[in-house]
Amino acid sequence: MATLSETSPVTVPLLIAAKGREPIAMMTAYDAPSAALLDEAGLDVLLVGDSAEMTVYGRQNTLSATMDSMLRHAAAVSGAAKRALVVGDMPFLSYQTSASEAVANAGRFLSQAGCAAVKVEGGRRVLGAVEAILSADIPVMGHVGLTPQSYRKFGGFKVQGREHAAAREILEDAAALSEAGCFAIVLECVPDGLAAEITRTIPVPTIGIGAGALCDGQVLVFHDVMGLSRGVSPRFVRRYANLAPIIEEAARAFTRDVKSRSFPSQAESYSSGKAPALRRVR
Ligand code: KIV
């Protein structure tokens, strides 16, 4: 079978087959221009994360995400991605209330937003919803460990599974999701030894975020990677660019040029004598 990197487009069976053969690179994406760049750069999976609430909308947590806003972001990303598999993150209360609502909402990510799969947070406690979604032939990515939609229960964004009993629970949750038919499982903020054990135990890829080097793949949040987040980053973030000062400097320069009337120049203006344009021209 061809490797992921040789393949276009990335599909669910190809991702499953990548386990143990080729690490999976996943990043969050929320809009068309950045999704096109990430896709071109070779990301295997683009996750339209409910982290949009924090990164795009400046909220303190992800609980305010809605189906409508997630579908709009997901449609923008799916429309721009040519190769990467696009996964839509099911928002808080879109799958917990009933199995039929879970299936209907998951289906909208595929039928209305063009996603290939959905992601659901939680282990055995959401198994009913996961099984119902899977029975509609909608691929599901699981997510265990620190599940941000449960952050009120956890009392904050904290590493999970440090104690033996908690670690067993996370391992059993991951095993139950994989047995149910999830094609991959995100492991968020768990000790690296636990992530390695889960990765060895389950037959589908694990994708880690703050879960050490031995997962089958890694995911990070776009704004963290690109240096667009303000404040202190968690220790698992590696910043590959520092775009915040670049954007700020460009905005300062534009403001300076407007105030000093050095923008626009003659070359950036239209001369008289031509009929006024009826629509926007470049
Ligand atoms: O919403 C999100 O960005 C996520 C990742 C942290 C995995 O769920």
# chains A, B, ... in the order shown; residues from 1 in each chain; ligands from 1

$ residues_around --residues "range 81-94 of chain A" --least-positions-apart "2" --cutoff "6 Å" --atoms "only C-alpha atoms" --output "PyMOL selection string"
chain A and resi 8-10+36+39+44-50+63+65-66+78-79+96+115-120

$ residues_around --residues "Ile24 in chain A" --least-positions-apart "6" --cutoff "7 Å" --atoms "only C-alpha atoms" --output "MDAnalysis selection string"
chainID A and resid 44 216:218

$ select_by_dssp --residues "range 36-254 of chain A" --states "helix (DSSP H, G or I)" --output "mmCIF file with N, CA, C and O atoms, in the first residue's frame"
data_model
loop_
_atom_site.group_PDB
_atom_site.id
_atom_site.type_symbol
_atom_site.label_atom_id
_atom_site.label_comp_id
_atom_site.auth_asym_id
_atom_site.auth_seq_id
_atom_site.Cartn_x
_atom_site.Cartn_y
_atom_site.Cartn_z
ATOM 1 N N ALA A 36 -5.728 26.114 2.872
ATOM 2 C CA ALA A 36 -5.063 25.871 1.582
ATOM 3 C C ALA A 36 -3.550 25.785 1.777
ATOM 4 O O ALA A 36 -2.878 24.928 1.193
ATOM 5 N N LEU A 37 -2.998 26.659 2.627
ATOM 6 C CA LEU A 37 -1.546 26.637 2.879
ATOM 7 C C LEU A 37 -1.146 25.348 3.603
ATOM 8 O O LEU A 37 -0.140 24.706 3.254
ATOM 9 N N LEU A 38 -1.912 24.956 4.607
ATOM 10 C CA LEU A 38 -1.582 23.749 5.371
ATOM 11 C C LEU A 38 -1.685 22.516 4.474
ATOM 12 O O LEU A 38 -0.857 21.603 4.547
ATOM 13 N N ASP A 39 -2.689 22.493 3.638
ATOM 14 C CA ASP A 39 -2.886 21.373 2.716
ATOM 15 C C ASP A 39 -1.706 21.272 1.753
ATOM 16 O O ASP A 39 -1.124 20.206 1.555
ATOM 17 N N GLU A 40 -1.322 22.411 1.215
ATOM 18 C CA GLU A 40 -0.188 22.475 0.279
ATOM 19 C C GLU A 40 1.105 22.029 0.966
ATOM 20 O O GLU A 40 1.970 21.409 0.364
ATOM 21 N N ALA A 41 1.207 22.335 2.271
ATOM 22 C CA ALA A 41 2.424 22.013 3.020
ATOM 23 C C ALA A 41 2.519 20.539 3.382
ATOM 24 O O ALA A 41 3.548 20.096 3.899
ATOM 25 N N ALA A 52 -11.604 26.699 17.913
ATOM 26 C CA ALA A 52 -11.907 27.973 17.235
ATOM 27 C C ALA A 52 -12.497 28.977 18.217
ATOM 28 O O ALA A 52 -12.258 30.189 18.109
ATOM 29 N N GLU A 53 -13.289 28.466 19.164
ATOM 30 C CA GLU A 53 -13.890 29.385 20.147
ATOM 31 C C GLU A 53 -12.818 30.194 20.869
ATOM 32 O O GLU A 53 -13.018 31.364 21.183
ATOM 33 N N MET A 54 -11.681 29.538 21.146
ATOM 34 C CA MET A 54 -10.607 30.216 21.879
ATOM 35 C C MET A 54 -9.672 30.966 20.927
ATOM 36 O O MET A 54 -9.346 32.121 21.138
ATOM 37 N N THR A 55 -9.258 30.285 19.841
ATOM 38 C CA THR A 55 -8.245 30.880 18.968
ATOM 39 C C THR A 55 -8.816 31.994 18.092
ATOM 40 O O THR A 55 -8.174 33.006 17.866
ATOM 41 N N MET A 67 -23.211 24.239 16.390
ATOM 42 C CA MET A 67 -23.196 23.520 15.121
ATOM 43 C C MET A 67 -23.063 24.509 13.963
ATOM 44 O O MET A 67 -22.287 24.285 13.039
ATOM 45 N N ASP A 68 -23.806 25.609 14.023
ATOM 46 C CA ASP A 68 -23.775 26.550 12.895
ATOM 47 C C ASP A 68 -22.385 27.128 12.681
ATOM 48 O O ASP A 68 -21.893 27.195 11.556
ATOM 49 N N SER A 69 -21.725 27.537 13.780
ATOM 50 C CA SER A 69 -20.395 28.139 13.580
ATOM 51 C C SER A 69 -19.394 27.068 13.154
ATOM 52 O O SER A 69 -18.571 27.288 12.264
ATOM 53 N N MET A 70 -19.479 25.862 13.739
ATOM 54 C CA MET A 70 -18.534 24.809 13.346
ATOM 55 C C MET A 70 -18.719 24.412 11.882
ATOM 56 O O MET A 70 -17.756 24.159 11.167
ATOM 57 N N LEU A 71 -19.977 24.378 11.433
ATOM 58 C CA LEU A 71 -20.226 23.999 10.026
ATOM 59 C C LEU A 71 -19.676 25.047 9.064
ATOM 60 O O LEU A 71 -19.159 24.715 7.994
ATOM 61 N N ARG A 72 -19.777 26.314 9.436
ATOM 62 C CA ARG A 72 -19.233 27.369 8.559
ATOM 63 C C ARG A 72 -17.715 27.254 8.451
ATOM 64 O O ARG A 72 -17.138 27.329 7.368
ATOM 65 N N HIS A 73 -17.044 27.051 9.599
ATOM 66 C CA HIS A 73 -15.583 26.879 9.561
ATOM 67 C C HIS A 73 -15.223 25.610 8.769
ATOM 68 O O HIS A 73 -14.292 25.609 7.963
ATOM 69 N N ALA A 74 -15.987 24.548 9.022
ATOM 70 C CA ALA A 74 -15.673 23.264 8.376
ATOM 71 C C ALA A 74 -15.850 23.359 6.861
ATOM 72 O O ALA A 74 -15.033 22.826 6.093
ATOM 73 N N ALA A 75 -16.875 24.048 6.413
ATOM 74 C CA ALA A 75 -17.107 24.182 4.970
ATOM 75 C C ALA A 75 -15.976 24.985 4.320
ATOM 76 O O ALA A 75 -15.522 24.663 3.215
ATOM 77 N N ALA A 76 -15.501 26.012 5.034
ATOM 78 C CA ALA A 76 -14.402 26.821 4.485
ATOM 79 C C ALA A 76 -13.141 25.963 4.341
ATOM 80 O O ALA A 76 -12.450 26.009 3.312
ATOM 81 N N VAL A 77 -12.857 25.156 5.351
ATOM 82 C CA VAL A 77 -11.644 24.320 5.329
ATOM 83 C C VAL A 77 -11.777 23.225 4.272
ATOM 84 O O VAL A 77 -10.867 22.997 3.465
ATOM 85 N N SER A 78 -12.923 22.542 4.243
ATOM 86 C CA SER A 78 -13.115 21.456 3.261
ATOM 87 C C SER A 78 -13.022 21.984 1.834
ATOM 88 O O SER A 78 -12.475 21.307 0.954
ATOM 89 N N GLY A 79 -13.538 23.176 1.624
ATOM 90 C CA GLY A 79 -13.512 23.736 0.274
ATOM 91 C C GLY A 79 -12.097 24.030 -0.194
ATOM 92 O O GLY A 79 -11.820 24.032 -1.395
ATOM 93 N N ALA A 80 -11.185 24.262 0.759
ATOM 94 C CA ALA A 80 -9.817 24.655 0.390
ATOM 95 C C ALA A 80 -8.852 23.472 0.367
ATOM 96 O O ALA A 80 -7.812 23.547 -0.279
ATOM 97 N N ALA A 99 -28.768 9.747 20.841
ATOM 98 C CA ALA A 99 -28.061 9.121 19.718
ATOM 99 C C ALA A 99 -28.576 9.674 18.392
ATOM 100 O O ALA A 99 -27.790 9.918 17.463
ATOM 101 N N SER A 100 -29.877 9.914 18.298
ATOM 102 C CA SER A 100 -30.406 10.359 17.000
ATOM 103 C C SER A 100 -29.927 11.782 16.682
ATOM 104 O O SER A 100 -29.589 12.104 15.542
ATOM 105 N N GLU A 101 -29.840 12.617 17.732
ATOM 106 C CA GLU A 101 -29.318 13.965 17.495
ATOM 107 C C GLU A 101 -27.831 13.904 17.113
ATOM 108 O O GLU A 101 -27.359 14.664 16.251
ATOM 109 N N ALA A 102 -27.109 12.980 17.745
ATOM 110 C CA ALA A 102 -25.678 12.819 17.436
ATOM 111 C C ALA A 102 -25.501 12.456 15.961
ATOM 112 O O ALA A 102 -24.652 13.022 15.262
ATOM 113 N N VAL A 103 -26.315 11.503 15.473
ATOM 114 C CA VAL A 103 -26.191 11.079 14.067
ATOM 115 C C VAL A 103 -26.552 12.240 13.135
ATOM 116 O O VAL A 103 -25.842 12.518 12.163
ATOM 117 N N ALA A 104 -27.644 12.931 13.448
ATOM 118 C CA ALA A 104 -28.085 14.032 12.574
ATOM 119 C C ALA A 104 -27.010 15.120 12.521
ATOM 120 O O ALA A 104 -26.679 15.641 11.446
ATOM 121 N N ASN A 105 -26.445 15.455 13.674
ATOM 122 C CA ASN A 105 -25.425 16.522 13.695
ATOM 123 C C ASN A 105 -24.137 16.072 13.021
ATOM 124 O O ASN A 105 -23.529 16.830 12.264
ATOM 125 N N ALA A 106 -23.728 14.829 13.279
ATOM 126 C CA ALA A 106 -22.514 14.319 12.622
ATOM 127 C C ALA A 106 -22.706 14.320 11.111
ATOM 128 O O ALA A 106 -21.808 14.716 10.355
ATOM 129 N N GLY A 107 -23.890 13.906 10.679
ATOM 130 C CA GLY A 107 -24.171 13.853 9.241
ATOM 131 C C GLY A 107 -24.049 15.209 8.578
ATOM 132 O O GLY A 107 -23.595 15.313 7.434
ATOM 133 N N ARG A 108 -24.406 16.274 9.295
ATOM 134 C CA ARG A 108 -24.315 17.619 8.708
ATOM 135 C C ARG A 108 -22.869 17.982 8.379
ATOM 136 O O ARG A 108 -22.598 18.724 7.434
ATOM 137 N N PHE A 109 -21.910 17.492 9.189
ATOM 138 C CA PHE A 109 -20.502 17.786 8.879
ATOM 139 C C PHE A 109 -20.106 17.191 7.525
ATOM 140 O O PHE A 109 -19.272 17.751 6.817
ATOM 141 N N LEU A 110 -20.709 16.021 7.187
ATOM 142 C CA LEU A 110 -20.384 15.404 5.897
ATOM 143 C C LEU A 110 -21.231 16.007 4.771
ATOM 144 O O LEU A 110 -20.701 16.410 3.739
ATOM 145 N N SER A 111 -22.540 16.099 5.000
ATOM 146 C CA SER A 111 -23.418 16.492 3.884
ATOM 147 C C SER A 111 -23.380 18.002 3.619
ATOM 148 O O SER A 111 -23.451 18.436 2.476
ATOM 149 N N ARG A 124 -16.036 5.802 27.208
ATOM 150 C CA ARG A 124 -17.197 4.913 27.280
ATOM 151 C C ARG A 124 -18.493 5.675 27.530
ATOM 152 O O ARG A 124 -19.557 5.233 27.132
ATOM 153 N N ARG A 125 -18.404 6.862 28.170
ATOM 154 C CA ARG A 125 -19.648 7.575 28.460
ATOM 155 C C ARG A 125 -20.335 8.110 27.197
ATOM 156 O O ARG A 125 -21.527 8.428 27.227
ATOM 157 N N VAL A 126 -19.604 8.209 26.081
ATOM 158 C CA VAL A 126 -20.251 8.658 24.829
ATOM 159 C C VAL A 126 -20.314 7.532 23.789
ATOM 160 O O VAL A 126 -20.563 7.781 22.609
ATOM 161 N N LEU A 127 -20.097 6.302 24.272
ATOM 162 C CA LEU A 127 -20.040 5.168 23.343
ATOM 163 C C LEU A 127 -21.343 4.990 22.552
ATOM 164 O O LEU A 127 -21.311 4.642 21.370
ATOM 165 N N GLY A 128 -22.479 5.229 23.212
ATOM 166 C CA GLY A 128 -23.773 5.096 22.528
ATOM 167 C C GLY A 128 -23.843 6.021 21.323
ATOM 168 O O GLY A 128 -24.219 5.605 20.217
ATOM 169 N N ALA A 129 -23.422 7.269 21.528
ATOM 170 C CA ALA A 129 -23.448 8.244 20.426
ATOM 171 C C ALA A 129 -22.467 7.825 19.336
ATOM 172 O O ALA A 129 -22.783 7.874 18.141
ATOM 173 N N VAL A 130 -21.272 7.403 19.766
ATOM 174 C CA VAL A 130 -20.240 7.014 18.792
ATOM 175 C C VAL A 130 -20.736 5.840 17.947
ATOM 176 O O VAL A 130 -20.617 5.841 16.708
ATOM 177 N N GLU A 131 -21.321 4.832 18.594
ATOM 178 C CA GLU A 131 -21.802 3.660 17.848
ATOM 179 C C GLU A 131 -22.921 4.051 16.875
ATOM 180 O O GLU A 131 -22.968 3.564 15.746
ATOM 181 N N ALA A 132 -23.794 4.955 17.315
ATOM 182 C CA ALA A 132 -24.889 5.384 16.436
ATOM 183 C C ALA A 132 -24.335 6.118 15.213
ATOM 184 O O ALA A 132 -24.750 5.878 14.080
ATOM 185 N N ILE A 133 -23.352 6.993 15.444
ATOM 186 C CA ILE A 133 -22.760 7.747 14.316
ATOM 187 C C ILE A 133 -22.070 6.777 13.355
ATOM 188 O O ILE A 133 -22.226 6.856 12.134
ATOM 189 N N LEU A 134 -21.312 5.835 13.939
ATOM 190 C CA LEU A 134 -20.606 4.863 13.097
ATOM 191 C C LEU A 134 -21.576 3.996 12.299
ATOM 192 O O LEU A 134 -21.296 3.629 11.155
ATOM 193 N N SER A 135 -22.748 3.709 12.901
ATOM 194 C CA SER A 135 -23.699 2.838 12.194
ATOM 195 C C SER A 135 -24.334 3.567 11.009
ATOM 196 O O SER A 135 -24.975 2.951 10.160
ATOM 197 N N PRO A 148 -11.361 18.928 26.414
ATOM 198 C CA PRO A 148 -11.633 20.306 26.846
ATOM 199 C C PRO A 148 -13.104 20.602 27.143
ATOM 200 O O PRO A 148 -13.398 21.468 27.962
ATOM 201 N N GLN A 149 -14.029 19.856 26.483
ATOM 202 C CA GLN A 149 -15.450 20.115 26.785
ATOM 203 C C GLN A 149 -15.800 19.699 28.219
ATOM 204 O O GLN A 149 -16.847 20.083 28.735
ATOM 205 N N SER A 150 -14.937 18.901 28.869
ATOM 206 C CA SER A 150 -15.194 18.463 30.257
ATOM 207 C C SER A 150 -14.376 19.286 31.240
ATOM 208 O O SER A 150 -14.192 18.863 32.380
ATOM 209 N N TYR A 151 -13.889 20.451 30.800
ATOM 210 C CA TYR A 151 -12.913 21.126 31.660
ATOM 211 C C TYR A 151 -13.513 21.613 32.970
ATOM 212 O O TYR A 151 -12.816 21.698 33.980
ATOM 213 N N ARG A 152 -14.812 21.862 32.997
ATOM 214 C CA ARG A 152 -15.456 22.247 34.269
ATOM 215 C C ARG A 152 -15.359 21.083 35.256
ATOM 216 O O ARG A 152 -15.110 21.277 36.441
ATOM 217 N N LYS A 153 -15.575 19.849 34.746
ATOM 218 C CA LYS A 153 -15.480 18.673 35.619
ATOM 219 C C LYS A 153 -14.035 18.476 36.102
ATOM 220 O O LYS A 153 -13.790 18.152 37.266
ATOM 221 N N PHE A 154 -13.079 18.704 35.205
ATOM 222 C CA PHE A 154 -11.663 18.521 35.567
ATOM 223 C C PHE A 154 -11.154 19.656 36.464
ATOM 224 O O PHE A 154 -10.090 19.551 37.055
ATOM 225 N N HIS A 164 -2.550 5.719 38.719
ATOM 226 C CA HIS A 164 -2.729 4.416 38.079
ATOM 227 C C HIS A 164 -4.196 4.186 37.665
ATOM 228 O O HIS A 164 -4.477 3.792 36.526
ATOM 229 N N ALA A 165 -5.133 4.462 38.615
ATOM 230 C CA ALA A 165 -6.546 4.164 38.330
ATOM 231 C C ALA A 165 -7.058 5.029 37.175
ATOM 232 O O ALA A 165 -7.762 4.539 36.279
ATOM 233 N N ALA A 166 -6.668 6.298 37.178
ATOM 234 C CA ALA A 166 -7.117 7.201 36.109
ATOM 235 C C ALA A 166 -6.520 6.774 34.771
ATOM 236 O O ALA A 166 -7.182 6.829 33.719
ATOM 237 N N ALA A 167 -5.267 6.323 34.810
ATOM 238 C CA ALA A 167 -4.607 5.865 33.583
ATOM 239 C C ALA A 167 -5.348 4.647 33.016
ATOM 240 O O ALA A 167 -5.570 4.554 31.805
ATOM 241 N N ARG A 168 -5.769 3.709 33.903
ATOM 242 C CA ARG A 168 -6.503 2.512 33.436
ATOM 243 C C ARG A 168 -7.804 2.936 32.757
ATOM 244 O O ARG A 168 -8.204 2.393 31.731
ATOM 245 N N GLU A 169 -8.477 3.932 33.361
ATOM 246 C CA GLU A 169 -9.748 4.399 32.784
ATOM 247 C C GLU A 169 -9.533 4.931 31.361
ATOM 248 O O GLU A 169 -10.312 4.646 30.454
ATOM 249 N N ILE A 170 -8.470 5.700 31.199
ATOM 250 C CA ILE A 170 -8.209 6.294 29.869
ATOM 251 C C ILE A 170 -7.864 5.194 28.859
ATOM 252 O O ILE A 170 -8.339 5.201 27.715
ATOM 253 N N LEU A 171 -7.055 4.230 29.314
ATOM 254 C CA LEU A 171 -6.700 3.101 28.433
ATOM 255 C C LEU A 171 -7.964 2.335 28.024
ATOM 256 O O LEU A 171 -8.151 1.996 26.840
ATOM 257 N N GLU A 172 -8.841 2.081 28.997
ATOM 258 C CA GLU A 172 -10.068 1.324 28.678
ATOM 259 C C GLU A 172 -10.997 2.140 27.780
ATOM 260 O O GLU A 172 -11.658 1.589 26.898
ATOM 261 N N ASP A 173 -11.035 3.448 27.988
ATOM 262 C CA ASP A 173 -11.839 4.305 27.104
ATOM 263 C C ASP A 173 -11.320 4.216 25.659
ATOM 264 O O ASP A 173 -12.103 4.061 24.715
ATOM 265 N N ALA A 174 -9.998 4.322 25.510
ATOM 266 C CA ALA A 174 -9.411 4.279 24.164
ATOM 267 C C ALA A 174 -9.677 2.916 23.520
ATOM 268 O O ALA A 174 -10.036 2.837 22.332
ATOM 269 N N ALA A 175 -9.546 1.848 24.308
ATOM 270 C CA ALA A 175 -9.783 0.498 23.766
ATOM 271 C C ALA A 175 -11.239 0.350 23.344
ATOM 272 O O ALA A 175 -11.535 -0.203 22.270
ATOM 273 N N ALA A 176 -12.179 0.874 24.162
ATOM 274 C CA ALA A 176 -13.606 0.755 23.831
ATOM 275 C C ALA A 176 -13.924 1.521 22.545
ATOM 276 O O ALA A 176 -14.682 1.041 21.683
ATOM 277 N N LEU A 177 -13.333 2.709 22.379
ATOM 278 C CA LEU A 177 -13.593 3.511 21.172
ATOM 279 C C LEU A 177 -13.052 2.791 19.937
ATOM 280 O O LEU A 177 -13.695 2.753 18.887
ATOM 281 N N SER A 178 -11.865 2.219 20.097
ATOM 282 C CA SER A 178 -11.279 1.547 18.933
ATOM 283 C C SER A 178 -12.067 0.281 18.602
ATOM 284 O O SER A 178 -12.316 -0.016 17.433
ATOM 285 N N GLU A 179 -12.513 -0.459 19.635
ATOM 286 C CA GLU A 179 -13.343 -1.655 19.364
ATOM 287 C C GLU A 179 -14.660 -1.271 18.701
ATOM 288 O O GLU A 179 -15.164 -1.992 17.847
ATOM 289 N N ALA A 180 -15.202 -0.120 19.075
ATOM 290 C CA ALA A 180 -16.468 0.317 18.474
ATOM 291 C C ALA A 180 -16.289 0.649 16.999
ATOM 292 O O ALA A 180 -17.240 0.597 16.221
ATOM 293 N N ASP A 192 3.491 10.386 28.835
ATOM 294 C CA ASP A 192 3.963 9.720 27.611
ATOM 295 C C ASP A 192 3.950 8.197 27.719
ATOM 296 O O ASP A 192 3.696 7.502 26.733
ATOM 297 N N GLY A 193 4.167 7.670 28.943
ATOM 298 C CA GLY A 193 4.152 6.211 29.117
ATOM 299 C C GLY A 193 2.759 5.643 28.865
ATOM 300 O O GLY A 193 2.614 4.590 28.221
ATOM 301 N N LEU A 194 1.749 6.350 29.336
ATOM 302 C CA LEU A 194 0.367 5.903 29.110
ATOM 303 C C LEU A 194 0.037 5.970 27.618
ATOM 304 O O LEU A 194 -0.556 5.043 27.048
ATOM 305 N N ALA A 195 0.431 7.072 26.973
ATOM 306 C CA ALA A 195 0.163 7.206 25.524
ATOM 307 C C ALA A 195 0.842 6.083 24.749
ATOM 308 O O ALA A 195 0.262 5.512 23.813
ATOM 309 N N ALA A 196 2.067 5.734 25.172
ATOM 310 C CA ALA A 196 2.790 4.655 24.487
ATOM 311 C C ALA A 196 2.056 3.327 24.679
ATOM 312 O O ALA A 196 1.930 2.533 23.735
ATOM 313 N N GLU A 197 1.542 3.102 25.900
ATOM 314 C CA GLU A 197 0.834 1.843 26.150
ATOM 315 C C GLU A 197 -0.456 1.771 25.321
ATOM 316 O O GLU A 197 -0.759 0.738 24.718
ATOM 317 N N ILE A 198 -1.182 2.877 25.260
ATOM 318 C CA ILE A 198 -2.412 2.894 24.448
ATOM 319 C C ILE A 198 -2.060 2.649 22.978
ATOM 320 O O ILE A 198 -2.705 1.865 22.283
ATOM 321 N N THR A 199 -0.996 3.302 22.524
ATOM 322 C CA THR A 199 -0.577 3.166 21.122
ATOM 323 C C THR A 199 -0.215 1.710 20.795
ATOM 324 O O THR A 199 -0.545 1.212 19.714
ATOM 325 N N ARG A 200 0.435 1.040 21.760
ATOM 326 C CA ARG A 200 0.787 -0.381 21.559
ATOM 327 C C ARG A 200 -0.462 -1.260 21.581
ATOM 328 O O ARG A 200 -0.532 -2.257 20.872
ATOM 329 N N THR A 201 -1.462 -0.857 22.387
ATOM 330 C CA THR A 201 -2.598 -1.746 22.647
ATOM 331 C C THR A 201 -3.665 -1.701 21.556
ATOM 332 O O THR A 201 -4.263 -2.721 21.234
ATOM 333 N N PHE A 222 -3.197 25.492 15.251
ATOM 334 C CA PHE A 222 -2.603 26.403 14.262
ATOM 335 C C PHE A 222 -2.023 27.664 14.911
ATOM 336 O O PHE A 222 -0.874 28.034 14.645
ATOM 337 N N HIS A 223 -2.808 28.314 15.746
ATOM 338 C CA HIS A 223 -2.361 29.596 16.307
ATOM 339 C C HIS A 223 -1.143 29.422 17.215
ATOM 340 O O HIS A 223 -0.326 30.343 17.331
ATOM 341 N N ASP A 224 -1.020 28.268 17.876
ATOM 342 C CA ASP A 224 0.158 27.995 18.706
ATOM 343 C C ASP A 224 1.390 27.779 17.826
ATOM 344 O O ASP A 224 2.466 28.310 18.094
ATOM 345 N N VAL A 225 1.220 26.980 16.776
ATOM 346 C CA VAL A 225 2.343 26.667 15.883
ATOM 347 C C VAL A 225 2.874 27.933 15.211
ATOM 348 O O VAL A 225 4.082 28.119 15.054
ATOM 349 N N LEU A 243 4.429 34.819 14.080
ATOM 350 C CA LEU A 243 3.733 35.737 13.180
ATOM 351 C C LEU A 243 3.146 36.962 13.879
ATOM 352 O O LEU A 243 2.910 37.978 13.225
ATOM 353 N N ALA A 244 2.925 36.886 15.185
ATOM 354 C CA ALA A 244 2.251 38.007 15.868
ATOM 355 C C ALA A 244 3.004 39.327 15.669
ATOM 356 O O ALA A 244 2.404 40.318 15.238
ATOM 357 N N PRO A 245 4.327 39.390 15.934
ATOM 358 C CA PRO A 245 5.009 40.669 15.723
ATOM 359 C C PRO A 245 5.070 41.088 14.258
ATOM 360 O O PRO A 245 5.071 42.291 13.960
ATOM 361 N N ILE A 246 5.057 40.119 13.352
ATOM 362 C CA ILE A 246 5.089 40.462 11.919
ATOM 363 C C ILE A 246 3.773 41.138 11.524
ATOM 364 O O ILE A 246 3.749 42.166 10.841
ATOM 365 N N ILE A 247 2.667 40.577 11.990
ATOM 366 C CA ILE A 247 1.352 41.159 11.676
ATOM 367 C C ILE A 247 1.214 42.527 12.333
ATOM 368 O O ILE A 247 0.744 43.496 11.718
ATOM 369 N N GLU A 248 1.685 42.612 13.584
ATOM 370 C CA GLU A 248 1.571 43.887 14.301
ATOM 371 C C GLU A 248 2.387 44.964 13.592
ATOM 372 O O GLU A 248 1.923 46.102 13.408
ATOM 373 N N GLU A 249 3.590 44.611 13.148
ATOM 374 C CA GLU A 249 4.446 45.589 12.467
ATOM 375 C C GLU A 249 3.820 46.023 11.144
ATOM 376 O O GLU A 249 3.840 47.204 10.790
ATOM 377 N N ALA A 250 3.245 45.072 10.401
ATOM 378 C CA ALA A 250 2.590 45.420 9.131
ATOM 379 C C ALA A 250 1.417 46.373 9.389
ATOM 380 O O ALA A 250 1.218 47.350 8.646
ATOM 381 N N ALA A 251 0.660 46.110 10.449
ATOM 382 C CA ALA A 251 -0.486 46.976 10.776
ATOM 383 C C ALA A 251 -0.013 48.364 11.193
ATOM 384 O O ALA A 251 -0.628 49.380 10.840
ATOM 385 N N ARG A 252 1.095 48.417 11.945
ATOM 386 C CA ARG A 252 1.682 49.716 12.344
ATOM 387 C C ARG A 252 2.121 50.507 11.116
ATOM 388 O O ARG A 252 1.881 51.708 11.000
ATOM 389 N N ALA A 253 2.780 49.796 10.174
ATOM 390 C CA ALA A 253 3.303 50.465 8.975
ATOM 391 C C ALA A 253 2.152 51.024 8.137
ATOM 392 O O ALA A 253 2.218 52.151 7.637
ATOM 393 N N PHE A 254 1.080 50.240 7.988
ATOM 394 C CA PHE A 254 -0.090 50.703 7.240
ATOM 395 C C PHE A 254 -0.685 51.947 7.917
ATOM 396 O O PHE A 254 -0.973 52.953 7.254
#

$ select_by_dssp --residues "range 1-93 of chain A" --states "strand (DSSP E)" --output "PyMOL selection string"
chain A and resi 24-28+45-48+85-89

$ write_last_selection --atoms "C-alpha atoms" --output "PDB file, in the first residue's frame"
ATOM      1  CA  ILE A  24       0.453  11.250  10.885  1.00  0.00           C
ATOM      2  CA  ALA A  25       0.687  15.067  10.871  1.00  0.00           C
ATOM      3  CA  MET A  26      -2.502  16.872  11.896  1.00  0.00           C
ATOM      4  CA  MET A  27      -3.141  20.550  12.627  1.00  0.00           C
ATOM      5  CA  THR A  28      -6.241  22.584  13.363  1.00  0.00           C
ATOM      6  CA  VAL A  45      -5.328  15.754   8.538  1.00  0.00           C
ATOM      7  CA  LEU A  46      -6.930  19.153   9.099  1.00  0.00           C
ATOM      8  CA  LEU A  47      -9.038  19.260  12.240  1.00  0.00           C
ATOM      9  CA  VAL A  48     -11.700  21.949  12.297  1.00  0.00           C
ATOM     10  CA  LEU A  85      -8.530  14.559   5.344  1.00  0.00           C
ATOM     11  CA  VAL A  86     -10.830  17.131   6.961  1.00  0.00           C
ATOM     12  CA  VAL A  87     -12.329  16.243  10.348  1.00  0.00           C
ATOM     13  CA  GLY A  88     -15.129  18.297  11.917  1.00  0.00           C
ATOM     14  CA  ASP A  89     -15.136  18.612  15.698  1.00  0.00           C
TER      15      ASP A  89
END

$ atom_distance --atom1 "CA of Ser64 in chain A" --atom2 "CA of Pro205 in chain A"
29.1 Å

$ atom_distance --atom1 "atom 6 (C, counted along the ligand's line) of ligand 1" --atom2 "CA of Asn61 in chain A"
11.5 Å

$ atom_distance --atom1 "atom 2 (C, counted along the ligand's line) of ligand 1" --atom2 "CA of Thr62 in chain A"
8.5 Å

$ closest_residue --among "A:Asp137, A:Glu121, A:Glu268, A:Glu163" --to "ligand 1" --atoms "only C-alpha atoms and all ligand atoms"
A:Glu121

$ residues_around --residues "Val204 in chain A" --least-positions-apart "5" --cutoff "8 Å" --atoms "only C-alpha atoms" --output "number ranges by chain"
A: 16, 19, 178, 182-185

$ closest_residue --among "A:Thr255, A:Thr206, A:Ser34, A:Thr11" --to "ligand 1" --atoms "only C-alpha atoms and all ligand atoms"
A:Thr206

$ closest_residue --among "A:Ala136, A:Ala35, A:Val237, A:Ala213" --to "ligand 1" --atoms "only C-alpha atoms and all ligand atoms"
A:Val237

$ closest_residue --among "A:Leu187, A:Met226, A:Val140, A:Ala32" --to "Gly161 in chain A" --atoms "only C-alpha atoms"
A:Leu187
